[in-house]
$ cat protein05.cif   # mmCIF, C-alpha atoms
data_coords
#
loop_
_atom_site.group_PDB
_atom_site.id
_atom_site.type_symbol
_atom_site.label_atom_id
_atom_site.label_comp_id
_atom_site.auth_asym_id
_atom_site.auth_seq_id
_atom_site.Cartn_x
_atom_site.Cartn_y
_atom_site.Cartn_z
ATOM 1 C CA MET N 1 30.403 -91.959 -61.625
ATOM 2 C CA ASP N 2 33.534 -94.078 -61.891
ATOM 3 C CA ALA N 3 36.652 -91.994 -62.170
ATOM 4 C CA GLU N 4 40.215 -92.118 -60.939
ATOM 5 C CA TYR N 5 41.264 -89.135 -58.836
ATOM 6 C CA GLN N 6 44.835 -87.925 -58.651
ATOM 7 C CA ARG N 7 46.474 -85.076 -56.741
ATOM 8 C CA TYR N 8 49.215 -82.872 -58.155
ATOM 9 C CA ASP N 9 51.281 -80.180 -56.510
ATOM 10 C CA GLY N 10 52.444 -77.192 -58.528
ATOM 11 C CA ARG N 11 55.575 -78.847 -59.844
ATOM 12 C CA SER N 12 53.870 -82.041 -60.982
ATOM 13 C CA ALA N 13 50.872 -80.133 -62.376
ATOM 14 C CA LYS N 14 53.192 -78.384 -64.826
ATOM 15 C CA GLY N 15 53.531 -81.762 -66.562
ATOM 16 C CA ILE N 16 49.787 -81.943 -67.257
ATOM 17 C CA ALA N 17 49.240 -78.262 -68.053
ATOM 18 C CA ASP N 18 48.281 -78.937 -71.674
ATOM 19 C CA GLU N 19 45.629 -81.450 -70.573
ATOM 20 C CA LEU N 20 44.236 -78.963 -68.038
ATOM 21 C CA VAL N 21 44.082 -76.222 -70.662
ATOM 22 C CA ASP N 22 42.362 -78.598 -73.108
ATOM 23 C CA VAL N 23 39.602 -79.273 -70.557
ATOM 24 C CA TYR N 24 39.238 -75.550 -69.918
ATOM 25 C CA ALA N 25 38.960 -74.876 -73.663
ATOM 26 C CA ARG N 26 36.104 -77.388 -73.976
ATOM 27 C CA VAL N 27 34.246 -76.220 -70.869
ATOM 28 C CA TYR N 28 34.387 -72.545 -71.830
ATOM 29 C CA ASP N 29 33.638 -73.072 -75.529
ATOM 30 C CA VAL N 30 29.984 -72.120 -74.999
ATOM 31 C CA PRO N 31 28.098 -68.830 -74.834
ATOM 32 C CA PRO N 32 28.504 -66.435 -73.132
ATOM 33 C CA TYR N 33 32.166 -67.345 -72.554
ATOM 34 C CA VAL N 34 33.248 -68.225 -76.103
ATOM 35 C CA ALA N 35 33.087 -64.604 -77.296
ATOM 36 C CA ASP N 36 34.614 -63.065 -74.144
ATOM 37 C CA PRO N 37 38.386 -62.416 -74.306
ATOM 38 C CA PHE N 38 38.641 -62.874 -70.507
ATOM 39 C CA PHE N 39 37.752 -66.556 -70.971
ATOM 40 C CA SER N 40 40.008 -67.251 -73.927
ATOM 41 C CA VAL N 41 42.618 -69.978 -73.652
ATOM 42 C CA ASP N 42 45.800 -67.895 -73.635
ATOM 43 C CA PRO N 43 44.869 -65.740 -70.612
ATOM 44 C CA PHE N 44 43.712 -68.862 -68.789
ATOM 45 C CA ARG N 45 46.999 -70.633 -69.505
ATOM 46 C CA ALA N 46 48.899 -67.633 -68.139
ATOM 47 C CA ARG N 47 46.767 -67.591 -64.962
ATOM 48 C CA LEU N 48 47.192 -71.350 -64.533
ATOM 49 C CA GLU N 49 50.958 -71.290 -65.033
ATOM 50 C CA ALA N 50 51.282 -68.413 -62.548
ATOM 51 C CA ALA N 51 49.198 -70.385 -60.037
ATOM 52 C CA PHE N 52 51.579 -73.375 -60.107
ATOM 53 C CA ASP N 53 54.074 -71.459 -57.990
ATOM 54 C CA THR N 54 51.612 -70.155 -55.391
ATOM 55 C CA GLU N 55 51.674 -71.357 -51.805
ATOM 56 C CA GLY N 56 49.744 -74.569 -51.290
ATOM 57 C CA PHE N 57 48.866 -75.031 -54.971
ATOM 58 C CA GLU N 58 47.126 -78.303 -55.724
ATOM 59 C CA THR N 59 45.019 -79.767 -58.475
ATOM 60 C CA VAL N 60 42.865 -82.877 -58.312
ATOM 61 C CA THR N 61 41.968 -84.496 -61.606
ATOM 62 C CA ALA N 62 39.264 -86.994 -62.439
ATOM 63 C CA ARG N 63 40.201 -89.370 -65.237
ATOM 64 C CA GLN N 64 38.183 -91.847 -67.227
ATOM 65 C CA ASP N 65 39.942 -94.147 -69.662
ATOM 66 C CA GLY N 66 43.166 -92.222 -69.039
ATOM 67 C CA ARG N 67 41.863 -88.771 -70.013
ATOM 68 C CA ILE N 68 41.058 -85.881 -67.712
ATOM 69 C CA VAL N 69 37.294 -85.360 -67.637
ATOM 70 C CA GLY N 70 37.260 -82.818 -64.823
ATOM 71 C CA TYR N 71 39.481 -81.119 -62.306
ATOM 72 C CA VAL N 72 39.806 -78.552 -59.597
ATOM 73 C CA HIS N 73 42.755 -76.410 -58.686
ATOM 74 C CA GLY N 74 43.433 -74.008 -55.891
ATOM 75 C CA ALA N 75 45.915 -72.828 -53.307
ATOM 76 C CA THR N 76 46.198 -71.320 -49.875
ATOM 77 C CA LEU N 77 44.449 -67.939 -49.975
ATOM 78 C CA PRO N 78 46.865 -65.065 -49.352
ATOM 79 C CA ALA N 79 45.481 -62.601 -46.812
ATOM 80 C CA ASP N 80 46.356 -59.758 -49.179
ATOM 81 C CA LYS N 81 44.841 -61.173 -52.385
ATOM 82 C CA PRO N 82 43.139 -58.172 -54.064
ATOM 83 C CA TRP N 83 39.766 -59.848 -54.705
ATOM 84 C CA TRP N 84 39.752 -60.974 -51.084
ATOM 85 C CA THR N 85 40.667 -57.614 -49.586
ATOM 86 C CA SER N 86 38.183 -55.866 -51.905
ATOM 87 C CA LEU N 87 35.426 -57.449 -49.824
ATOM 88 C CA GLY N 88 36.508 -55.301 -46.865
ATOM 89 C CA ASP N 89 34.111 -55.601 -43.934
ATOM 90 C CA ARG N 90 31.933 -58.096 -45.778
ATOM 91 C CA ARG N 91 34.458 -60.759 -44.768
ATOM 92 C CA PRO N 92 33.675 -62.068 -41.309
ATOM 93 C CA ALA N 93 36.431 -61.072 -38.846
ATOM 94 C CA TRP N 94 37.119 -64.714 -37.977
ATOM 95 C CA LEU N 95 37.662 -65.463 -41.660
ATOM 96 C CA ARG N 96 40.085 -62.541 -42.067
ATOM 97 C CA ASP N 97 42.049 -63.852 -39.072
ATOM 98 C CA LEU N 98 42.052 -67.351 -40.512
ATOM 99 C CA ALA N 99 43.424 -66.066 -43.820
ATOM 100 C CA GLU N 100 46.218 -64.309 -41.920
ATOM 101 C CA ALA N 101 47.052 -67.700 -40.354
ATOM 102 C CA ARG N 102 47.038 -69.378 -43.799
ATOM 103 C CA GLY N 103 43.946 -71.363 -42.888
ATOM 104 C CA VAL N 104 41.820 -70.661 -45.981
ATOM 105 C CA PHE N 105 41.860 -72.702 -49.190
ATOM 106 C CA TRP N 106 41.089 -70.761 -52.372
ATOM 107 C CA LEU N 107 39.311 -72.986 -54.894
ATOM 108 C CA ARG N 108 40.272 -71.210 -58.103
ATOM 109 C CA GLU N 109 38.717 -73.436 -60.762
ATOM 110 C CA LEU N 110 36.355 -76.407 -60.850
ATOM 111 C CA MET N 111 35.334 -77.807 -64.204
ATOM 112 C CA VAL N 112 33.858 -80.922 -65.761
ATOM 113 C CA LEU N 113 33.595 -81.688 -69.471
ATOM 114 C CA PRO N 114 30.159 -80.641 -70.776
ATOM 115 C CA GLU N 115 29.031 -84.170 -71.661
ATOM 116 C CA LEU N 116 29.666 -85.330 -68.064
ATOM 117 C CA GLN N 117 28.115 -82.418 -66.188
ATOM 118 C CA ASN N 118 25.137 -82.871 -63.841
ATOM 119 C CA ARG N 119 26.207 -86.383 -62.807
ATOM 120 C CA GLY N 120 27.865 -85.601 -59.473
ATOM 121 C CA LEU N 121 31.435 -85.565 -60.776
ATOM 122 C CA GLY N 122 31.995 -81.902 -59.928
ATOM 123 C CA ARG N 123 30.880 -82.484 -56.356
ATOM 124 C CA GLN N 124 33.149 -85.519 -56.038
ATOM 125 C CA ILE N 125 36.172 -83.586 -57.318
ATOM 126 C CA HIS N 126 35.308 -80.702 -54.978
ATOM 127 C CA ASP N 127 34.967 -82.955 -51.940
ATOM 128 C CA THR N 128 38.156 -84.857 -52.817
ATOM 129 C CA VAL N 129 40.324 -81.754 -52.897
ATOM 130 C CA ILE N 130 38.832 -80.331 -49.695
ATOM 131 C CA ALA N 131 39.232 -83.609 -47.814
ATOM 132 C CA GLY N 132 42.969 -83.498 -48.444
ATOM 133 C CA ARG N 133 43.554 -79.892 -47.401
ATOM 134 C CA ALA N 134 44.915 -78.639 -44.087
ATOM 135 C CA GLU N 135 42.911 -75.398 -44.274
ATOM 136 C CA SER N 136 39.625 -75.335 -42.381
ATOM 137 C CA VAL N 137 37.679 -73.080 -44.775
ATOM 138 C CA THR N 138 37.306 -73.030 -48.554
ATOM 139 C CA THR N 139 36.618 -69.872 -50.534
ATOM 140 C CA LEU N 140 35.731 -69.435 -54.168
ATOM 141 C CA THR N 141 34.229 -66.953 -56.543
ATOM 142 C CA CYS N 142 31.358 -67.820 -58.844
ATOM 143 C CA ILE N 143 30.118 -65.773 -61.777
ATOM 144 C CA VAL N 144 26.776 -64.405 -60.628
ATOM 145 C CA ASP N 145 24.924 -65.399 -63.781
ATOM 146 C CA ASN N 146 26.366 -68.933 -63.945
ATOM 147 C CA GLN N 147 23.179 -70.254 -62.390
ATOM 148 C CA PRO N 148 24.008 -73.997 -62.411
ATOM 149 C CA ALA N 149 27.327 -73.498 -60.599
ATOM 150 C CA HIS N 150 25.900 -70.821 -58.333
ATOM 151 C CA ASP N 151 23.013 -73.060 -57.276
ATOM 152 C CA ALA N 152 25.338 -76.032 -56.747
ATOM 153 C CA TYR N 153 27.662 -74.096 -54.430
ATOM 154 C CA LEU N 154 24.724 -72.889 -52.360
ATOM 155 C CA ARG N 155 23.383 -76.475 -52.119
ATOM 156 C CA TRP N 156 26.830 -77.636 -51.007
ATOM 157 C CA GLY N 157 26.692 -75.209 -48.080
ATOM 158 C CA TYR N 158 28.605 -72.144 -49.297
ATOM 159 C CA THR N 159 27.718 -68.716 -47.892
ATOM 160 C CA ILE N 160 27.909 -65.586 -50.049
ATOM 161 C CA MET N 161 30.049 -62.775 -48.616
ATOM 162 C CA GLY N 162 29.570 -60.225 -51.380
ATOM 163 C CA ARG N 163 30.043 -59.332 -55.036
ATOM 164 C CA ILE N 164 33.395 -58.510 -56.580
ATOM 165 C CA LYS N 165 35.292 -58.174 -59.856
ATOM 166 C CA HIS N 166 38.674 -59.887 -60.145
ATOM 167 C CA ALA N 167 39.839 -57.392 -62.739
ATOM 168 C CA PRO N 168 38.291 -54.596 -64.827
ATOM 169 C CA GLU N 169 37.775 -57.023 -67.732
ATOM 170 C CA SER N 170 36.300 -59.815 -65.605
ATOM 171 C CA PRO N 171 32.631 -60.539 -64.962
ATOM 172 C CA VAL N 172 30.986 -59.928 -61.589
ATOM 173 C CA TYR N 173 31.406 -62.740 -59.073
ATOM 174 C CA ASP N 174 29.880 -63.773 -55.783
ATOM 175 C CA ALA N 175 32.616 -64.460 -53.235
ATOM 176 C CA MET N 176 31.657 -67.471 -51.125
ATOM 177 C CA TYR N 177 33.035 -69.521 -48.258
ATOM 178 C CA LEU N 178 32.483 -72.982 -46.834
ATOM 179 C CA PRO N 179 33.747 -74.211 -43.469
ATOM 180 C CA SER N 180 35.467 -77.516 -44.271
ATOM 181 C CA ARG N 181 35.418 -78.993 -40.803
#
$ encode --input "protein05.cif" --output "structure tokens"
Amino acid sequence: MDAEYQRYDGRSAKGIADELVDVYARVYDVPPYVADPFFSVDPFRARLEAAFDTEGFETVTARQDGRIVGYVHGATLPADKPWWTSLGDRRPAWLRDLAEARGVFWLRELMVLPELQNRGLGRQIHDTVIAGRAESVTTLTCIVDNQPAHDAYLRWGYTIMGRIKHAPESPVYDAMYLPSR
């Protein structure tokens, strides 16, 4: 799929925040997400804007004809991030040590517009962001009943560490990791 990829740090990503939120609104405007307050636009915007100032924040966009058709964003995973520490002993010791050394990338969101899904664009965006990162491992959380995404991450080589909830109002997620190098 032909697309132009561009990297943004937290400061420059603030300038495209409305475009990022617009993509999110389209991607999550389907059941079961559309009726769930956790996935509404305003809470997402707040989470996104808070993420801009986190250590190592980066987003990679894919554009076609000048518009964002997909993107990923993430940051360096803090060793004390609650969802991360909630895994306890389910995190391999070497991975806990790597997080302490700021060696883990936390892929927070990966999305592609519905009409362009299942064409390899998500994988290309994913691989583009990872290829540019200094961290040697990528982590993410995937909603357990989001079967297409869940299956894709497993095909891409991710390993499941355990199930978690980000917050009381959030769905259940599988926490996964992928050695990048």
$ atom_distance --input "protein05.cif" --atom1 "CA of Leu48 in chain N" --atom2 "CA of Asp22 in chain N"
12.2 Å
$ axis_aligned_box --input "protein05.cif" --around "range 50-56 of chain N" --padding-each-side "3 Å" --output "AutoDock Vina command-line options"
--center_x 51.6 --center_y -71.5 --center_z -56.9 --size_x 10.9 --size_y 12.2 --size_z 17.3
$ residues_around --input "protein05.cif" --residues "Val112 in chain N" --least-positions-apart "2" --cutoff "6 Å" --atoms "all atoms listed in the file" --output "JSON, numbers by chain"
{"N": [69, 70, 117]}
$ atom_distance --input "protein05.cif" --atom1 "CA of Met111 in chain N" --atom2 "CA of Val72 in chain N"
6.5 Å
$ resolve_selection --input "protein05.cif" --expression "the PyMOL selection byres ((chain N and resi 80-86) around 12)" --output "PDB file with C-alpha atoms, in the frame of the given file"
ATOM      1  CA  THR N  54      51.612 -70.155 -55.391  1.00  0.00           C
ATOM      2  CA  ALA N  75      45.915 -72.828 -53.307  1.00  0.00           C
ATOM      3  CA  THR N  76      46.198 -71.320 -49.875  1.00  0.00           C
ATOM      4  CA  LEU N  77      44.449 -67.939 -49.975  1.00  0.00           C
ATOM      5  CA  PRO N  78      46.865 -65.065 -49.352  1.00  0.00           C
ATOM      6  CA  ALA N  79      45.481 -62.601 -46.812  1.00  0.00           C
ATOM      7  CA  LEU N  87      35.426 -57.449 -49.824  1.00  0.00           C
ATOM      8  CA  GLY N  88      36.508 -55.301 -46.865  1.00  0.00           C
ATOM      9  CA  ASP N  89      34.111 -55.601 -43.934  1.00  0.00           C
ATOM     10  CA  ARG N  90      31.933 -58.096 -45.778  1.00  0.00           C
ATOM     11  CA  ARG N  91      34.458 -60.759 -44.768  1.00  0.00           C
ATOM     12  CA  PRO N  92      33.675 -62.068 -41.309  1.00  0.00           C
ATOM     13  CA  LEU N  95      37.662 -65.463 -41.660  1.00  0.00           C
ATOM     14  CA  ARG N  96      40.085 -62.541 -42.067  1.00  0.00           C
ATOM     15  CA  ASP N  97      42.049 -63.852 -39.072  1.00  0.00           C
ATOM     16  CA  ALA N  99      43.424 -66.066 -43.820  1.00  0.00           C
ATOM     17  CA  GLU N 100      46.218 -64.309 -41.920  1.00  0.00           C
ATOM     18  CA  ALA N 101      47.052 -67.700 -40.354  1.00  0.00           C
ATOM     19  CA  ARG N 102      47.038 -69.378 -43.799  1.00  0.00           C
ATOM     20  CA  VAL N 104      41.820 -70.661 -45.981  1.00  0.00           C
ATOM     21  CA  TRP N 106      41.089 -70.761 -52.372  1.00  0.00           C
ATOM     22  CA  ARG N 108      40.272 -71.210 -58.103  1.00  0.00           C
ATOM     23  CA  THR N 139      36.618 -69.872 -50.534  1.00  0.00           C
ATOM     24  CA  LEU N 140      35.731 -69.435 -54.168  1.00  0.00           C
ATOM     25  CA  THR N 141      34.229 -66.953 -56.543  1.00  0.00           C
ATOM     26  CA  MET N 161      30.049 -62.775 -48.616  1.00  0.00           C
ATOM     27  CA  GLY N 162      29.570 -60.225 -51.380  1.00  0.00           C
ATOM     28  CA  ARG N 163      30.043 -59.332 -55.036  1.00  0.00           C
ATOM     29  CA  ILE N 164      33.395 -58.510 -56.580  1.00  0.00           C
ATOM     30  CA  LYS N 165      35.292 -58.174 -59.856  1.00  0.00           C
ATOM     31  CA  HIS N 166      38.674 -59.887 -60.145  1.00  0.00           C
ATOM     32  CA  ALA N 167      39.839 -57.392 -62.739  1.00  0.00           C
ATOM     33  CA  PRO N 168      38.291 -54.596 -64.827  1.00  0.00           C
ATOM     34  CA  SER N 170      36.300 -59.815 -65.605  1.00  0.00           C
ATOM     35  CA  VAL N 172      30.986 -59.928 -61.589  1.00  0.00           C
ATOM     36  CA  TYR N 173      31.406 -62.740 -59.073  1.00  0.00           C
ATOM     37  CA  ASP N 174      29.880 -63.773 -55.783  1.00  0.00           C
ATOM     38  CA  ALA N 175      32.616 -64.460 -53.235  1.00  0.00           C
ATOM     39  CA  MET N 176      31.657 -67.471 -51.125  1.00  0.00           C
ATOM     40  CA  TYR N 177      33.035 -69.521 -48.258  1.00  0.00           C
TER      41      TYR N 177
END
$ residues_around --input "protein05.cif" --residues "Arg7 in chain N" --least-positions-apart "5" --cutoff "7 Å" --atoms "all atoms listed in the file" --output "number ranges by chain"
N: 58-61
$ atom_distance --input "protein05.cif" --atom1 "CA of Arg119 in chain N" --atom2 "CA of Tyr33 in chain N"
22.2 Å
$ residues_around --input "protein05.cif" --residues "Ala3 in chain N" --least-positions-apart "2" --cutoff "12 Å" --atoms "only C-alpha atoms" --output "number ranges by chain"
N: 1, 5-6, 60-71, 112, 116, 119-122, 124-125, 128
$ residues_around --input "protein05.cif" --residues "range 35-42 of chain N" --least-positions-apart "6" --cutoff "7 Å" --atoms "all atoms listed in the file" --output "PDB file with C-alpha atoms, in the coordinates of the input"
ATOM      1  CA  ALA N  25      38.960 -74.876 -73.663  1.00  0.00           C
ATOM      2  CA  TYR N  28      34.387 -72.545 -71.830  1.00  0.00           C
ATOM      3  CA  GLU N 169      37.775 -57.023 -67.732  1.00  0.00           C
ATOM      4  CA  SER N 170      36.300 -59.815 -65.605  1.00  0.00           C
TER       5      SER N 170
END
$ resolve_selection --input "protein05.cif" --expression "the PyMOL selection byres ((chain N and resi 10) around 12)" --output "list in words"
Arg7, Tyr8, Asp9, Arg11, Ser12, Ala13, Lys14, Gly15, Ile16, Ala17, Leu48, Glu49, Ala50, Ala51, Phe52, Asp53, Thr54, Glu55, Gly56, Phe57, Glu58, Thr59, Val60, His73, Gly74 and Ala75 of chain N
$ resolve_selection --input "protein05.cif" --expression "the PyMOL selection byres ((chain N and resi 146) around 12)" --output "list in words"
Tyr28, Pro31, Pro32, Tyr33, Thr141, Cys142, Ile143, Val144, Asp145, Gln147, Pro148, Ala149, His150, Asp151, Ala152, Tyr153, Pro171, Val172, Tyr173 and Asp174 of chain N
$ write_last_selection --input "protein05.cif" --atoms "C-alpha atoms" --output "PDB file, in the frame of the given file"
ATOM      1  CA  TYR N  28      34.387 -72.545 -71.830  1.00  0.00           C
ATOM      2  CA  PRO N  31      28.098 -68.830 -74.834  1.00  0.00           C
ATOM      3  CA  PRO N  32      28.504 -66.435 -73.132  1.00  0.00           C
ATOM      4  CA  TYR N  33      32.166 -67.345 -72.554  1.00  0.00           C
ATOM      5  CA  THR N 141      34.229 -66.953 -56.543  1.00  0.00           C
ATOM      6  CA  CYS N 142      31.358 -67.820 -58.844  1.00  0.00           C
ATOM      7  CA  ILE N 143      30.118 -65.773 -61.777  1.00  0.00           C
ATOM      8  CA  VAL N 144      26.776 -64.405 -60.628  1.00  0.00           C
ATOM      9  CA  ASP N 145      24.924 -65.399 -63.781  1.00  0.00           C
ATOM     10  CA  GLN N 147      23.179 -70.254 -62.390  1.00  0.00           C
ATOM     11  CA  PRO N 148      24.008 -73.997 -62.411  1.00  0.00           C
ATOM     12  CA  ALA N 149      27.327 -73.498 -60.599  1.00  0.00           C
ATOM     13  CA  HIS N 150      25.900 -70.821 -58.333  1.00  0.00           C
ATOM     14  CA  ASP N 151      23.013 -73.060 -57.276  1.00  0.00           C
ATOM     15  CA  ALA N 152      25.338 -76.032 -56.747  1.00  0.00           C
ATOM     16  CA  TYR N 153      27.662 -74.096 -54.430  1.00  0.00           C
ATOM     17  CA  PRO N 171      32.631 -60.539 -64.962  1.00  0.00           C
ATOM     18  CA  VAL N 172      30.986 -59.928 -61.589  1.00  0.00           C
ATOM     19  CA  TYR N 173      31.406 -62.740 -59.073  1.00  0.00           C
ATOM     20  CA  ASP N 174      29.880 -63.773 -55.783  1.00  0.00           C
TER      21      ASP N 174
END
$ build_atoms --input "protein05.cif" --residues "range 15-35 of chain N" --atoms "N, CA, C and O atoms" --output "compact mmCIF listing (two decimals), in the coordinates of the input"
# COMPACT_ATOMS: atom_id res chain seq x y z
N GLY N 15 53.43 -80.69 -65.58
CA GLY N 15 53.53 -81.76 -66.56
C GLY N 15 52.21 -82.12 -67.23
O GLY N 15 52.21 -82.81 -68.25
N ILE N 16 51.10 -81.67 -66.65
CA ILE N 16 49.79 -81.94 -67.26
C ILE N 16 49.09 -80.66 -67.68
O ILE N 16 47.89 -80.66 -67.95
N ALA N 17 49.84 -79.57 -67.75
CA ALA N 17 49.24 -78.26 -68.05
C ALA N 17 48.46 -78.28 -69.36
O ALA N 17 47.36 -77.72 -69.44
N ASP N 18 48.99 -78.91 -70.39
CA ASP N 18 48.28 -78.94 -71.67
C ASP N 18 46.94 -79.66 -71.54
O ASP N 18 45.94 -79.21 -72.13
N GLU N 19 46.90 -80.74 -70.78
CA GLU N 19 45.63 -81.45 -70.57
C GLU N 19 44.63 -80.57 -69.82
O GLU N 19 43.44 -80.55 -70.14
N LEU N 20 45.12 -79.85 -68.81
CA LEU N 20 44.24 -78.96 -68.04
C LEU N 20 43.67 -77.85 -68.93
O LEU N 20 42.48 -77.54 -68.87
N VAL N 21 44.53 -77.28 -69.75
CA VAL N 21 44.08 -76.22 -70.66
C VAL N 21 43.09 -76.77 -71.69
O VAL N 21 42.10 -76.11 -72.02
N ASP N 22 43.30 -77.99 -72.16
CA ASP N 22 42.36 -78.60 -73.11
C ASP N 22 40.97 -78.75 -72.49
O ASP N 22 39.95 -78.48 -73.16
N VAL N 23 40.91 -79.16 -71.23
CA VAL N 23 39.60 -79.27 -70.56
C VAL N 23 38.97 -77.89 -70.44
O VAL N 23 37.78 -77.71 -70.75
N TYR N 24 39.75 -76.92 -70.02
CA TYR N 24 39.24 -75.55 -69.92
C TYR N 24 38.66 -75.09 -71.26
O TYR N 24 37.55 -74.54 -71.31
N ALA N 25 39.41 -75.31 -72.34
CA ALA N 25 38.96 -74.88 -73.66
C ALA N 25 37.61 -75.49 -74.03
O ALA N 25 36.75 -74.81 -74.61
N ARG N 26 37.39 -76.74 -73.67
CA ARG N 26 36.10 -77.39 -73.98
C ARG N 26 34.99 -76.86 -73.09
O ARG N 26 33.86 -76.64 -73.54
N VAL N 27 35.28 -76.67 -71.81
CA VAL N 27 34.25 -76.22 -70.87
C VAL N 27 33.79 -74.80 -71.20
O VAL N 27 32.60 -74.50 -71.12
N TYR N 28 34.72 -73.94 -71.58
CA TYR N 28 34.39 -72.54 -71.83
C TYR N 28 34.13 -72.24 -73.31
O TYR N 28 34.04 -71.08 -73.69
N ASP N 29 33.94 -73.25 -74.11
CA ASP N 29 33.64 -73.07 -75.53
C ASP N 29 32.13 -73.02 -75.77
O ASP N 29 31.60 -73.65 -76.67
N VAL N 30 31.44 -72.28 -74.90
CA VAL N 30 29.98 -72.12 -75.00
C VAL N 30 29.64 -70.66 -74.68
O VAL N 30 30.39 -69.98 -73.98
N PRO N 31 28.52 -70.18 -75.21
CA PRO N 31 28.10 -68.83 -74.83
C PRO N 31 27.79 -68.78 -73.34
O PRO N 31 27.35 -69.79 -72.79
N PRO N 32 28.01 -67.72 -72.66
CA PRO N 32 28.50 -66.44 -73.13
C PRO N 32 30.03 -66.34 -73.12
O PRO N 32 30.58 -65.31 -73.47
N TYR N 33 30.71 -67.40 -72.75
CA TYR N 33 32.17 -67.34 -72.55
C TYR N 33 32.95 -67.34 -73.86
O TYR N 33 34.00 -66.71 -73.94
N VAL N 34 32.48 -68.04 -74.87
CA VAL N 34 33.25 -68.22 -76.10
C VAL N 34 33.62 -66.90 -76.77
O VAL N 34 34.68 -66.79 -77.38
N ALA N 35 32.81 -65.89 -76.64
CA ALA N 35 33.09 -64.60 -77.30
C ALA N 35 33.80 -63.61 -76.38
O ALA N 35 34.14 -62.51 -76.80
